[in-house]
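Have a look at run.csv; it's CSV, C-alpha atoms and all ligand atoms:
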```csv
chain,number,residue,atom,x,y,z
A,1,MET,CA,-12.9,-18.1,-16.5
A,2,ILE,CA,-9.5,-19.8,-16.2
A,3,ILE,CA,-6.2,-18.0,-16.6
A,4,LEU,CA,-2.8,-19.6,-17.0
A,5,GLY,CA,-0.1,-17.4,-15.4
A,6,ILE,CA,3.6,-17.5,-16.4
A,7,GLU,CA,6.4,-15.8,-14.6
A,8,THR,CA,10.1,-16.0,-15.7
A,9,SER,CA,11.5,-12.5,-15.0
A,10,CYS,CA,14.4,-13.5,-12.8
A,11,ASP,CA,15.5,-16.8,-11.2
A,12,GLU,CA,12.2,-18.5,-10.6
A,13,THR,CA,10.2,-20.3,-13.3
A,14,ALA,CA,6.6,-20.2,-12.0
A,15,VAL,CA,3.3,-21.3,-13.5
A,16,ALA,CA,-0.2,-21.1,-12.0
A,17,VAL,CA,-3.8,-21.9,-13.0
A,18,LEU,CA,-6.4,-19.5,-11.5
A,19,GLU,CA,-10.1,-20.0,-11.9
A,20,ASP,CA,-12.6,-17.2,-11.6
A,21,GLY,CA,-10.0,-14.9,-10.0
A,22,HIS,CA,-9.8,-16.7,-6.7
A,23,ILE,CA,-9.6,-20.5,-7.0
A,24,ILE,CA,-6.0,-21.6,-7.2
A,25,ARG,CA,-6.0,-24.8,-9.2
A,26,ALA,CA,-2.2,-25.0,-9.6
A,27,ASP,CA,0.7,-23.0,-8.2
A,28,LEU,CA,4.1,-24.3,-9.1
A,29,ILE,CA,7.6,-22.7,-8.7
A,30,SER,CA,10.9,-24.1,-9.9
A,31,SER,CA,13.6,-22.2,-8.1
A,32,GLN,CA,17.1,-21.7,-9.5
A,33,ILE,CA,18.8,-20.8,-6.2
A,34,ASP,CA,21.1,-23.8,-6.3
A,35,LEU,CA,22.2,-22.9,-9.8
A,36,HIS,CA,23.2,-19.4,-9.0
A,37,LYS,CA,24.4,-19.8,-5.3
A,38,LYS,CA,28.0,-20.4,-6.1
A,39,TYR,CA,28.2,-17.2,-8.1
A,40,GLY,CA,26.8,-15.1,-5.2
A,41,GLY,CA,23.9,-13.8,-7.4
A,42,VAL,CA,21.8,-14.5,-10.5
A,43,VAL,CA,23.8,-15.2,-13.7
A,44,PRO,CA,21.4,-14.0,-16.5
A,45,GLU,CA,22.5,-16.4,-19.2
A,46,LEU,CA,22.2,-19.4,-16.9
A,47,ALA,CA,18.8,-18.2,-15.8
A,48,SER,CA,17.5,-18.0,-19.3
A,49,ARG,CA,18.8,-21.5,-20.2
A,50,ARG,CA,17.2,-23.0,-17.1
A,51,HIS,CA,13.9,-21.3,-17.8
A,52,ILE,CA,13.9,-22.9,-21.3
A,53,GLU,CA,14.5,-26.3,-19.8
A,54,VAL,CA,11.8,-26.2,-17.1
A,55,VAL,CA,9.0,-24.0,-18.4
A,56,ASP,CA,7.4,-26.6,-20.7
A,57,PRO,CA,7.3,-29.5,-18.2
A,58,LEU,CA,6.1,-27.0,-15.5
A,59,ILE,CA,3.1,-26.0,-17.7
A,60,GLN,CA,2.4,-29.7,-18.3
A,61,GLU,CA,2.6,-30.3,-14.5
A,62,ALA,CA,0.3,-27.3,-13.7
A,63,LEU,CA,-2.3,-28.6,-16.1
A,64,ILE,CA,-2.2,-32.1,-14.5
A,65,GLN,CA,-2.4,-30.5,-11.0
A,66,SER,CA,-5.3,-28.3,-12.0
A,67,GLY,CA,-7.2,-31.0,-13.8
A,68,CYS,CA,-7.6,-28.7,-16.8
A,69,THR,CA,-6.8,-29.3,-20.4
A,70,LEU,CA,-5.2,-26.6,-22.5
A,71,ARG,CA,-8.5,-26.2,-24.3
A,72,GLU,CA,-10.2,-25.1,-21.0
A,73,ILE,CA,-7.8,-22.2,-20.5
A,74,ASP,CA,-9.4,-18.9,-21.4
A,75,ALA,CA,-6.3,-16.6,-21.4
A,76,ILE,CA,-2.6,-16.5,-20.8
A,77,ALA,CA,-1.1,-13.9,-18.4
A,78,VAL,CA,2.6,-13.4,-18.6
A,79,THR,CA,5.2,-11.1,-17.1
A,80,VAL,CA,6.5,-8.7,-19.8
A,81,GLY,CA,9.0,-6.8,-17.6
A,82,PRO,CA,10.9,-5.5,-15.9
A,83,GLY,CA,13.5,-8.2,-15.4
A,84,LEU,CA,16.3,-10.0,-17.1
A,85,ILE,CA,15.7,-9.8,-20.9
A,86,GLY,CA,16.7,-13.3,-21.7
A,87,ALA,CA,14.6,-14.7,-18.9
A,88,LEU,CA,11.6,-12.6,-19.8
A,89,MET,CA,11.9,-13.7,-23.4
A,90,VAL,CA,11.3,-17.4,-22.4
A,91,GLY,CA,8.0,-16.7,-20.7
A,92,VAL,CA,6.8,-14.2,-23.3
A,93,SER,CA,7.7,-16.6,-26.2
A,94,ILE,CA,5.8,-19.6,-24.7
A,95,ALA,CA,2.9,-17.4,-23.7
A,96,LYS,CA,2.6,-16.0,-27.3
A,97,SER,CA,2.8,-19.5,-28.8
A,98,LEU,CA,0.1,-20.8,-26.6
A,99,SER,CA,-2.1,-17.8,-27.1
A,100,TYR,CA,-1.7,-18.1,-30.9
A,101,ALA,CA,-2.2,-21.9,-31.1
A,102,LEU,CA,-5.2,-21.9,-28.8
A,103,GLY,CA,-6.7,-18.7,-30.2
A,104,ILE,CA,-7.1,-17.1,-26.7
A,105,PRO,CA,-6.1,-13.7,-25.3
A,106,LEU,CA,-2.6,-12.8,-24.2
A,107,LEU,CA,-2.5,-10.7,-21.1
A,108,PRO,CA,0.6,-8.5,-20.6
A,109,ILE,CA,1.6,-8.1,-17.0
A,110,HIS,CA,4.0,-5.7,-15.3
A,111,HIS,CA,5.9,-7.5,-12.6
A,112,LEU,CA,5.1,-4.8,-10.0
A,113,GLU,CA,1.4,-5.0,-10.8
A,114,GLY,CA,1.8,-8.7,-10.1
A,115,HIS,CA,3.4,-8.0,-6.7
A,116,ILE,CA,0.6,-5.6,-5.8
A,117,SER,CA,-2.1,-8.1,-7.1
A,118,ALA,CA,-0.7,-10.6,-4.6
A,119,ALA,CA,-2.4,-8.7,-1.9
A,120,PHE,CA,-5.8,-9.6,-3.4
A,121,ILE,CA,-5.1,-13.4,-3.6
A,122,GLU,CA,-6.0,-14.1,0.0
A,123,HIS,CA,-7.8,-10.9,0.9
A,124,LYS,CA,-11.2,-10.0,-0.6
A,125,ASP,CA,-12.1,-6.8,1.2
A,126,VAL,CA,-9.2,-4.4,1.0
A,127,ASP,CA,-9.9,-1.0,2.3
A,128,PHE,CA,-9.0,2.1,0.2
A,129,PRO,CA,-7.4,4.5,-0.1
A,130,SER,CA,-4.3,2.4,0.5
A,131,VAL,CA,-0.6,3.0,0.6
A,132,ALA,CA,1.3,0.2,-1.1
A,133,LEU,CA,5.0,-0.6,-0.4
A,134,ILE,CA,6.5,-2.9,-3.0
A,135,VAL,CA,9.9,-4.1,-1.9
A,136,SER,CA,11.9,-6.6,-3.9
A,137,GLY,CA,15.4,-7.3,-5.2
A,138,GLY,CA,15.0,-4.7,-7.9
A,139,HIS,CA,12.4,-2.2,-6.5
A,140,THR,CA,11.5,-0.2,-3.5
A,141,ASN,CA,8.4,1.7,-4.5
A,142,LEU,CA,5.7,3.5,-2.5
A,143,TYR,CA,2.3,4.0,-4.2
A,144,PHE,CA,-0.9,5.8,-3.2
A,145,MET,CA,-3.9,3.8,-4.4
A,146,GLU,CA,-7.1,5.8,-4.4
A,147,LYS,CA,-8.8,2.5,-5.4
A,148,LYS,CA,-8.0,-0.9,-6.9
A,149,GLY,CA,-6.0,-0.6,-10.1
A,150,ASN,CA,-5.1,3.1,-9.5
A,151,TYR,CA,-1.5,3.8,-8.7
A,152,ARG,CA,0.3,7.1,-7.9
A,153,LEU,CA,4.0,6.8,-7.2
A,154,LEU,CA,4.9,8.6,-4.0
A,155,GLY,CA,8.6,7.7,-3.8
A,156,GLN,CA,11.2,5.1,-4.7
A,157,THR,CA,14.8,4.2,-4.1
A,158,ILE,CA,17.4,6.5,-5.6
A,159,ASP,CA,20.0,3.8,-5.6
A,160,ASP,CA,19.9,0.2,-4.3
A,161,ALA,CA,16.6,-1.6,-3.7
A,162,ALA,CA,15.9,-2.8,-0.2
A,163,GLY,CA,16.3,-6.5,-1.2
A,164,GLU,CA,19.6,-5.7,-2.9
A,165,ALA,CA,20.8,-4.0,0.3
A,166,LEU,CA,20.0,-7.1,2.3
A,167,ASP,CA,21.5,-9.4,-0.3
A,168,LYS,CA,24.7,-7.3,-0.4
A,169,GLY,CA,24.8,-7.1,3.4
A,170,ALA,CA,24.6,-10.8,3.7
A,171,ARG,CA,27.5,-11.2,1.2
A,172,LEU,CA,29.6,-8.7,3.3
A,173,LEU,CA,28.8,-10.9,6.3
A,174,GLY,CA,30.2,-13.9,4.4
A,175,TYR,CA,26.9,-15.5,3.4
A,176,GLY,CA,25.5,-16.5,0.0
A,177,TYR,CA,22.5,-15.7,-2.2
A,178,PRO,CA,19.7,-14.7,-1.6
A,179,GLY,CA,20.8,-12.8,1.4
A,180,GLY,CA,17.4,-11.4,2.6
A,181,PRO,CA,16.1,-14.6,4.2
A,182,ILE,CA,19.6,-15.2,5.7
A,183,ILE,CA,19.7,-11.7,7.3
A,184,ASP,CA,16.1,-12.3,8.5
A,185,ARG,CA,17.2,-15.6,10.2
A,186,LEU,CA,20.5,-14.2,11.7
A,187,ALA,CA,18.8,-11.1,13.0
A,188,ARG,CA,16.2,-13.0,14.9
A,189,LYS,CA,18.9,-14.1,17.4
A,190,GLY,CA,20.8,-10.8,17.3
A,191,ASN,CA,20.7,-7.6,19.4
A,192,PRO,CA,20.0,-4.6,17.1
A,193,GLU,CA,21.1,-2.2,19.8
A,194,ARG,CA,24.7,-3.4,19.9
A,195,PHE,CA,25.7,-1.9,16.5
A,196,PRO,CA,23.0,0.7,15.5
A,197,PHE,CA,23.0,2.0,11.9
A,198,LEU,CA,21.6,5.3,10.9
A,199,VAL,CA,18.2,5.0,9.4
A,200,PRO,CA,18.6,6.4,5.8
A,201,TYR,CA,16.6,9.6,5.0
A,202,ARG,CA,15.0,9.6,8.4
A,203,SER,CA,14.3,13.3,8.7
A,204,THR,CA,13.6,14.1,5.0
A,205,LYS,CA,10.1,15.1,4.0
A,206,HIS,CA,10.0,13.2,0.6
A,207,TYR,CA,9.1,9.5,0.3
A,208,ASN,CA,12.3,8.4,-1.5
A,209,PHE,CA,14.7,5.7,-0.1
A,210,SER,CA,18.4,5.2,-0.3
A,211,PHE,CA,20.2,2.1,0.8
A,212,SER,CA,23.7,2.3,-0.8
A,213,GLY,CA,25.2,4.4,2.1
A,214,ILE,CA,24.1,1.9,4.7
A,215,LYS,CA,25.7,-0.9,2.8
A,216,THR,CA,29.0,1.1,2.6
A,217,ALA,CA,28.7,1.7,6.3
A,218,LEU,CA,28.5,-2.0,6.9
A,219,SER,CA,31.5,-2.7,4.8
A,220,GLN,CA,33.6,0.1,6.3
A,221,ARG,CA,32.7,-0.5,9.9
A,222,PHE,CA,33.0,-4.2,10.0
A,223,SER,CA,34.9,-5.8,7.1
A,224,GLY,CA,38.2,-6.3,9.1
A,225,ARG,CA,36.2,-7.4,12.2
A,226,ILE,CA,34.2,-10.0,10.3
A,227,GLU,CA,37.3,-11.5,8.8
A,228,LYS,CA,38.9,-11.8,12.2
A,229,SER,CA,35.7,-13.0,13.9
A,230,GLU,CA,36.6,-16.7,13.5
A,231,GLY,CA,33.0,-17.8,13.3
A,232,ASP,CA,31.8,-15.6,16.2
A,233,LEU,CA,28.1,-16.1,15.4
A,234,SER,CA,26.8,-13.7,18.0
A,235,LEU,CA,28.9,-10.9,16.5
A,236,ILE,CA,27.4,-11.6,13.0
A,237,GLN,CA,23.9,-11.9,14.4
A,238,ASP,CA,24.2,-8.6,16.2
A,239,ILE,CA,25.5,-6.8,13.1
A,240,ALA,CA,22.7,-8.4,10.9
A,241,ALA,CA,20.1,-7.3,13.5
A,242,GLY,CA,21.4,-3.7,13.5
A,243,TYR,CA,21.6,-3.6,9.7
A,244,GLN,CA,18.1,-5.1,9.2
A,245,ASP,CA,16.7,-2.8,11.8
A,246,ALA,CA,17.8,0.3,9.9
A,247,VAL,CA,16.6,-1.0,6.5
A,248,VAL,CA,13.2,-2.0,7.9
A,249,GLY,CA,13.1,1.2,10.0
A,250,SER,CA,13.4,3.4,6.8
A,251,LEU,CA,10.7,1.4,5.0
A,252,VAL,CA,8.3,1.5,8.0
A,253,GLU,CA,8.8,5.2,8.8
A,254,LYS,CA,8.3,6.4,5.2
A,255,THR,CA,5.2,4.2,4.8
A,256,ILE,CA,3.6,5.4,8.0
A,257,SER,CA,4.4,9.0,7.2
A,258,ALA,CA,2.7,8.5,3.8
A,259,VAL,CA,-0.3,6.9,5.4
A,260,GLU,CA,-0.8,9.8,7.8
A,261,LYS,CA,-0.2,12.6,5.2
A,262,GLU,CA,-2.2,11.1,2.4
A,263,LYS,CA,-5.0,10.0,4.8
A,264,ALA,CA,-5.0,6.3,3.8
A,265,ASN,CA,-7.0,3.6,5.5
A,266,ASN,CA,-4.8,0.7,4.7
A,267,ILE,CA,-1.3,-0.5,4.0
A,268,ILE,CA,-0.5,-3.1,1.3
A,269,LEU,CA,2.8,-4.9,1.3
A,270,GLY,CA,4.3,-6.8,-1.6
A,271,GLY,CA,7.5,-8.1,-3.1
A,272,GLY,CA,10.1,-10.5,-1.7
A,273,VAL,CA,11.3,-8.3,1.1
A,274,ALA,CA,7.6,-8.2,2.4
A,275,ALA,CA,8.4,-11.8,3.5
A,276,ASN,CA,10.7,-10.3,6.1
A,277,SER,CA,9.5,-11.1,9.6
A,278,LEU,CA,10.6,-7.8,11.2
A,279,LEU,CA,9.0,-5.7,8.4
A,280,ARG,CA,5.7,-7.7,8.7
A,281,ARG,CA,5.7,-7.3,12.5
A,282,ARG,CA,6.7,-3.6,12.5
A,283,ILE,CA,4.2,-2.6,9.8
A,284,LYS,CA,1.4,-4.3,11.7
A,285,GLU,CA,2.4,-2.6,15.0
A,286,GLU,CA,2.7,0.8,13.5
A,287,ALA,CA,-0.5,0.5,11.5
A,288,GLY,CA,-2.2,-0.4,14.7
A,289,ARG,CA,-0.8,2.6,16.4
A,290,VAL,CA,-2.1,5.0,13.8
A,291,GLY,CA,-5.4,3.1,13.4
A,292,VAL,CA,-5.2,1.8,9.8
A,293,ALA,CA,-5.6,-1.8,8.5
A,294,THR,CA,-2.9,-3.9,6.7
A,295,THR,CA,-3.1,-6.3,3.8
A,296,ILE,CA,0.0,-8.5,3.8
A,297,PRO,CA,0.2,-11.6,1.6
A,298,SER,CA,1.5,-14.9,3.0
A,299,PRO,CA,5.3,-15.0,2.5
A,300,SER,CA,5.0,-17.4,-0.4
A,301,TYR,CA,2.9,-14.8,-2.3
A,302,CYS,CA,5.4,-12.0,-1.5
A,303,THR,CA,8.3,-13.6,-3.3
A,304,ASP,CA,8.0,-14.3,-7.1
A,305,ASN,CA,5.2,-16.6,-8.1
A,306,ALA,CA,2.7,-17.0,-10.9
A,307,VAL,CA,-0.6,-16.8,-9.0
A,308,MET,CA,0.0,-13.1,-8.6
A,309,ILE,CA,0.6,-12.8,-12.4
A,310,ALA,CA,-2.7,-14.7,-13.2
A,311,LYS,CA,-4.5,-12.5,-10.5
A,312,ALA,CA,-3.2,-9.3,-12.2
A,313,GLY,CA,-4.4,-10.9,-15.5
A,314,VAL,CA,-8.0,-10.9,-14.3
A,315,SER,CA,-8.5,-7.1,-14.6
A,316,HIS,CA,-6.7,-7.0,-17.9
A,317,TYR,CA,-9.1,-9.8,-19.2
A,318,LYS,CA,-12.1,-7.9,-17.9
A,319,ARG,CA,-11.1,-4.6,-19.6
A,320,LYS,CA,-10.0,-6.5,-22.7
A,321,ASP,CA,-6.4,-5.3,-22.4
A,322,PHE,CA,-5.0,-7.9,-24.7
A,323,ALA,CA,-1.5,-8.0,-26.3
A,324,SER,CA,-0.8,-8.6,-29.9
A,325,MET,CA,1.7,-11.1,-31.4
A,326,ASN,CA,4.1,-8.2,-31.6
A,327,LEU,CA,4.5,-8.3,-27.8
A,328,SER,CA,8.2,-8.1,-26.8
A,329,PRO,CA,9.7,-8.4,-23.3
A,330,MET,CA,10.9,-5.2,-21.7
A,331,ALA,CA,13.9,-5.3,-19.4
A,332,ASN,CA,13.2,-1.7,-18.2
A,333,PHE,CA,9.5,-1.1,-18.0
A,334,GLU,CA,8.0,1.8,-16.2
A,335,PHE,CA,4.9,1.1,-14.2
A,336,TYR,CA,2.4,2.7,-16.5
A,337,ILE,CA,-1.0,2.3,-14.9
B,1,LIG,O1,10.1,-10.2,-5.4
B,1,LIG,P1,11.3,-11.1,-5.4
B,1,LIG,O2,11.1,-12.6,-5.1
B,1,LIG,O3,12.0,-11.0,-6.7
B,1,LIG,C1,12.2,-9.7,-7.3
B,1,LIG,O4,11.3,-9.2,-8.0
B,1,LIG,O5,13.3,-9.1,-7.1
B,1,LIG,O6,12.3,-10.5,-4.3
B,1,LIG,C2,13.5,-11.0,-4.1
B,1,LIG,C3,14.2,-10.3,-2.9
B,1,LIG,C4,15.6,-10.7,-2.7
B,1,LIG,O7,16.4,-9.5,-2.5
B,1,LIG,C5,15.6,-11.5,-1.4
B,1,LIG,O8,16.7,-11.4,-0.6
B,1,LIG,C6,14.4,-10.8,-0.7
B,1,LIG,O9,13.5,-10.5,-1.7
B,1,LIG,N1,13.8,-11.6,0.4
B,1,LIG,C7,13.8,-11.3,1.7
B,1,LIG,C8,13.2,-12.3,2.4
B,1,LIG,N2,12.8,-13.3,1.5
B,1,LIG,C9,13.2,-12.8,0.2
B,1,LIG,N3,14.3,-10.2,2.3
B,1,LIG,C10,14.2,-10.2,3.6
B,1,LIG,N4,13.6,-11.1,4.4
B,1,LIG,C11,13.1,-12.2,3.8
B,1,LIG,N5,12.5,-13.2,4.6
B,2,ZN,ZN,9.5,-9.9,-7.9
```

Let me see the structure of the file written as structure tokens.
Ligand code: KG4
Ligand code: ZN
Amino acid sequence: MIILGIETSCDETAVAVLEDGHIIRADLISSQIDLHKKYGGVVPELASRRHIEVVDPLIQEALIQSGCTLREIDAIAVTVGPGLIGALMVGVSIAKSLSYALGIPLLPIHHLEGHISAAFIEHKDVDFPSVALIVSGGHTNLYFMEKKGNYRLLGQTIDDAAGEALDKGARLLGYGYPGGPIIDRLARKGNPERFPFLVPYRSTKHYNFSFSGIKTALSQRFSGRIEKSEGDLSLIQDIAAGYQDAVVGSLVEKTISAVEKEKANNIILGGGVAANSLLRRRIKEEAGRVGVATTIPSPSYCTDNAVMIAKAGVSHYKRKDFASMNLSPMANFEFYI
């Protein structure tokens, strides 16, 4: 069974060909970072236009790379939402056209289900029950998974997402978009103890997150200093390290407390922020301390990609969850499973 996966929810156009749920025959991403960089964030209209330009050639290239013809594809999996409406529209429209023309099923995928499915691309034996932390530019969600495909939301951010906090933090430090990888790199050489930040919601009993206060703290404590720093790299590295430490601290503490209270055996990480080197290291250390396993995708499967969308499509295909030609993209789309 061969699934063509298409992802266009934000600023990456991605296409993948997945055979029998585990053989990756093509995995292509066309990033728009250069297009949006000078604006300090993603410009929705530009994103949609670029998706239109590249999605068709990318599908052609994926077919060549996979050695498949269109006729050999059994189903099309596409991200329906959440995301930028114009960007989603491009992927959904081309997926519907292909499904109709080829007479094959259309598999509607929630972007977060895609991020969770990324955990199963490289790991076959995932232990359950698991706690899954999905951290991206738009989401910070903690789920309890009794078994594969079963999701109970434990908590989420009440304001900014973790990725958004890192992106905005990098901007306040004078850097561009996307800020998460920049903070990650700066913090590696910084001293997190020089400028400690309060870990948000540290002593609360619930599993929600909040990152807007810490971003304001960064702006209020350091804005004048950063402007006067005249390229003092070690100052910037130390601030980035303290800031990242608090963001990651909050994610790790809530996840571990959920694991202990809910008696989970495993932690799943997903979403772009799961590519963060400190988060990956801390989660592994803390999981080891409390005696549970971890399932963490390679960094390239944490950030947006189409293999995760095709992978999520496998279970939809098996349970015949097919979309009709009335399928519309949804900018706001609750995780319904
Ligand atoms: O999952 P993703 O690629 O797209 C969304 O669904 O939002 O996540 C993008 C987010 C951005 O906020 C980006 O700064 C962050 O993931 N990110 C990172 C790293 N790589 C990407 N954050 C921290 N450290 C990284 N290495
Ligand atoms: Zn994403």

Legend entry - From A:Val252, A:Ala95, A:Leu186, A:Ala287, residue lying nearest ligand LIG 1 (chain B) [all atoms listed in the file]: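 The closest residue to ligand LIG 1 (chain B) is A:Leu186.
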
Inset, instruction - Step by step, measure atom-to-atom distances between ligand ZN 2 (chain B) and each residue using all atoms listed in the file, keep those at most 8 Å, then write them as a PyMOL selection string. - result: chain A and resi 9-10+111-112+115+136-138+271-272+302-305

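Nearest to A:Val54 of all the residues A:Gly176, A:Pro329, A:Pro108, A:Gly91 is A:Gly91, based on all atoms listed in the file.
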
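Taking atom CA of A:Phe197 as the reference point, atom P1 of ligand LIG 1 (chain B) is found at 24.7 Å.
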
Legend entry - Polymer residues at most 9 Å from stretch 200-202 of chain A, all atoms listed in the file, same-chain spacing of 4 or more positions, as an NGL selection string: :A and (206-211 or 213-214 or 246-247 or 249-250 or 253-254)

Legend entry - Close residues, stretch 308-318 of chain A itself excluded, 6 Å, all atoms listed in the file, min 4 positions apart in chain, as a VMD selection string: chain A and resid 3 5 77 107 114 117 to 118

Legend entry - Contact residues around A:Val135 with all atoms listed in the file at 10 Å, ignoring same-chain residues under 5 positions, as a list in words: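 My list of contacting residues is Leu112, His115, Thr140, Asn141, Leu142, Gln156, Thr157, Ala161, Ala162, Gly163, Glu164, Leu251, Leu269, Gly270, Gly271, Gly272, Val273, Ala274, Ala275, Cys302 and Thr303 of chain A.
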
Inset, instruction - Compare A:Ser31, A:Ser223, A:Ser324, A:Asn266 by their minimum atom-to-atom distance to A:Ile296, counting all atoms listed in the file, and give me the closest one. - result: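 Looking only at the distances to A:Ile296, the closest residue turns out to be A:Asn266.
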
Inset, instruction - Fewer than 5 positions away in the same chain doesn't count, so skip those; otherwise give me all residues within 10 Å of stretch 80-90 of chain A, counting all atoms listed in the file, as a PyMOL selection string. - result: chain A and resi 6-13+42-53+55+95+107-112+138+327-335

Inset, instruction - Select, from A:Phe195, A:Tyr243, A:Tyr100, A:Phe144, the residue with the minimum atom-to-atom distance to A:Leu166, counting all atoms listed in the file. - result: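 Comparing A:Phe195, A:Tyr243, A:Tyr100, A:Phe144 against A:Leu166, the winner is A:Tyr243.
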
Legend entry - Radius query 6 Å about (25.0, -13.1, 9.6), atoms used: all atoms listed in the file, as a list in words: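 Those residues lying close to the given coordinates are Leu173, Ile183, Leu186, Ile236, Gln237 and Ala240 of chain A.
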
Legend entry - Residue among A:Gln32, A:Thr204, A:Gln244, A:Thr295 lying closest to ligand LIG 1 (chain B), counting only C-alpha atoms and all ligand atoms: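 Selected residue with least distance to ligand LIG 1 (chain B): A:Gln244.
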
Inset, instruction - Find the distance between atom CA of A:Tyr143 and atom CA of A:His22 and write it in Å to one decimal. - result: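 Distance between the two atoms: 24.1 Å.
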
Inset, instruction - List the residues sitting within 7 Å of (-4.6, 1.0, -0.6) in the file's frame, using all atoms listed in the file, as a ChimeraX atom specification. - result: /A:127-132,144-147,264,266-268

Legend entry - Residue nearest ligand LIG 1 (chain B) among A:Leu4, A:Ala187, A:Leu35, A:Leu18 (counting only C-alpha atoms and all ligand atoms):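 Smallest separation from ligand LIG 1 (chain B) among the options: A:Ala187.
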
Box centre and edge lengths (Å, one decimal), axis-aligned, ligand LIG 1 (chain B) plus 4 Å each side, as AutoDock Vina command-line options:
```
--center_x 13.4 --center_y -11.2 --center_z -1.7 --size_x 14.6 --size_y 12.2 --size_z 20.6
```
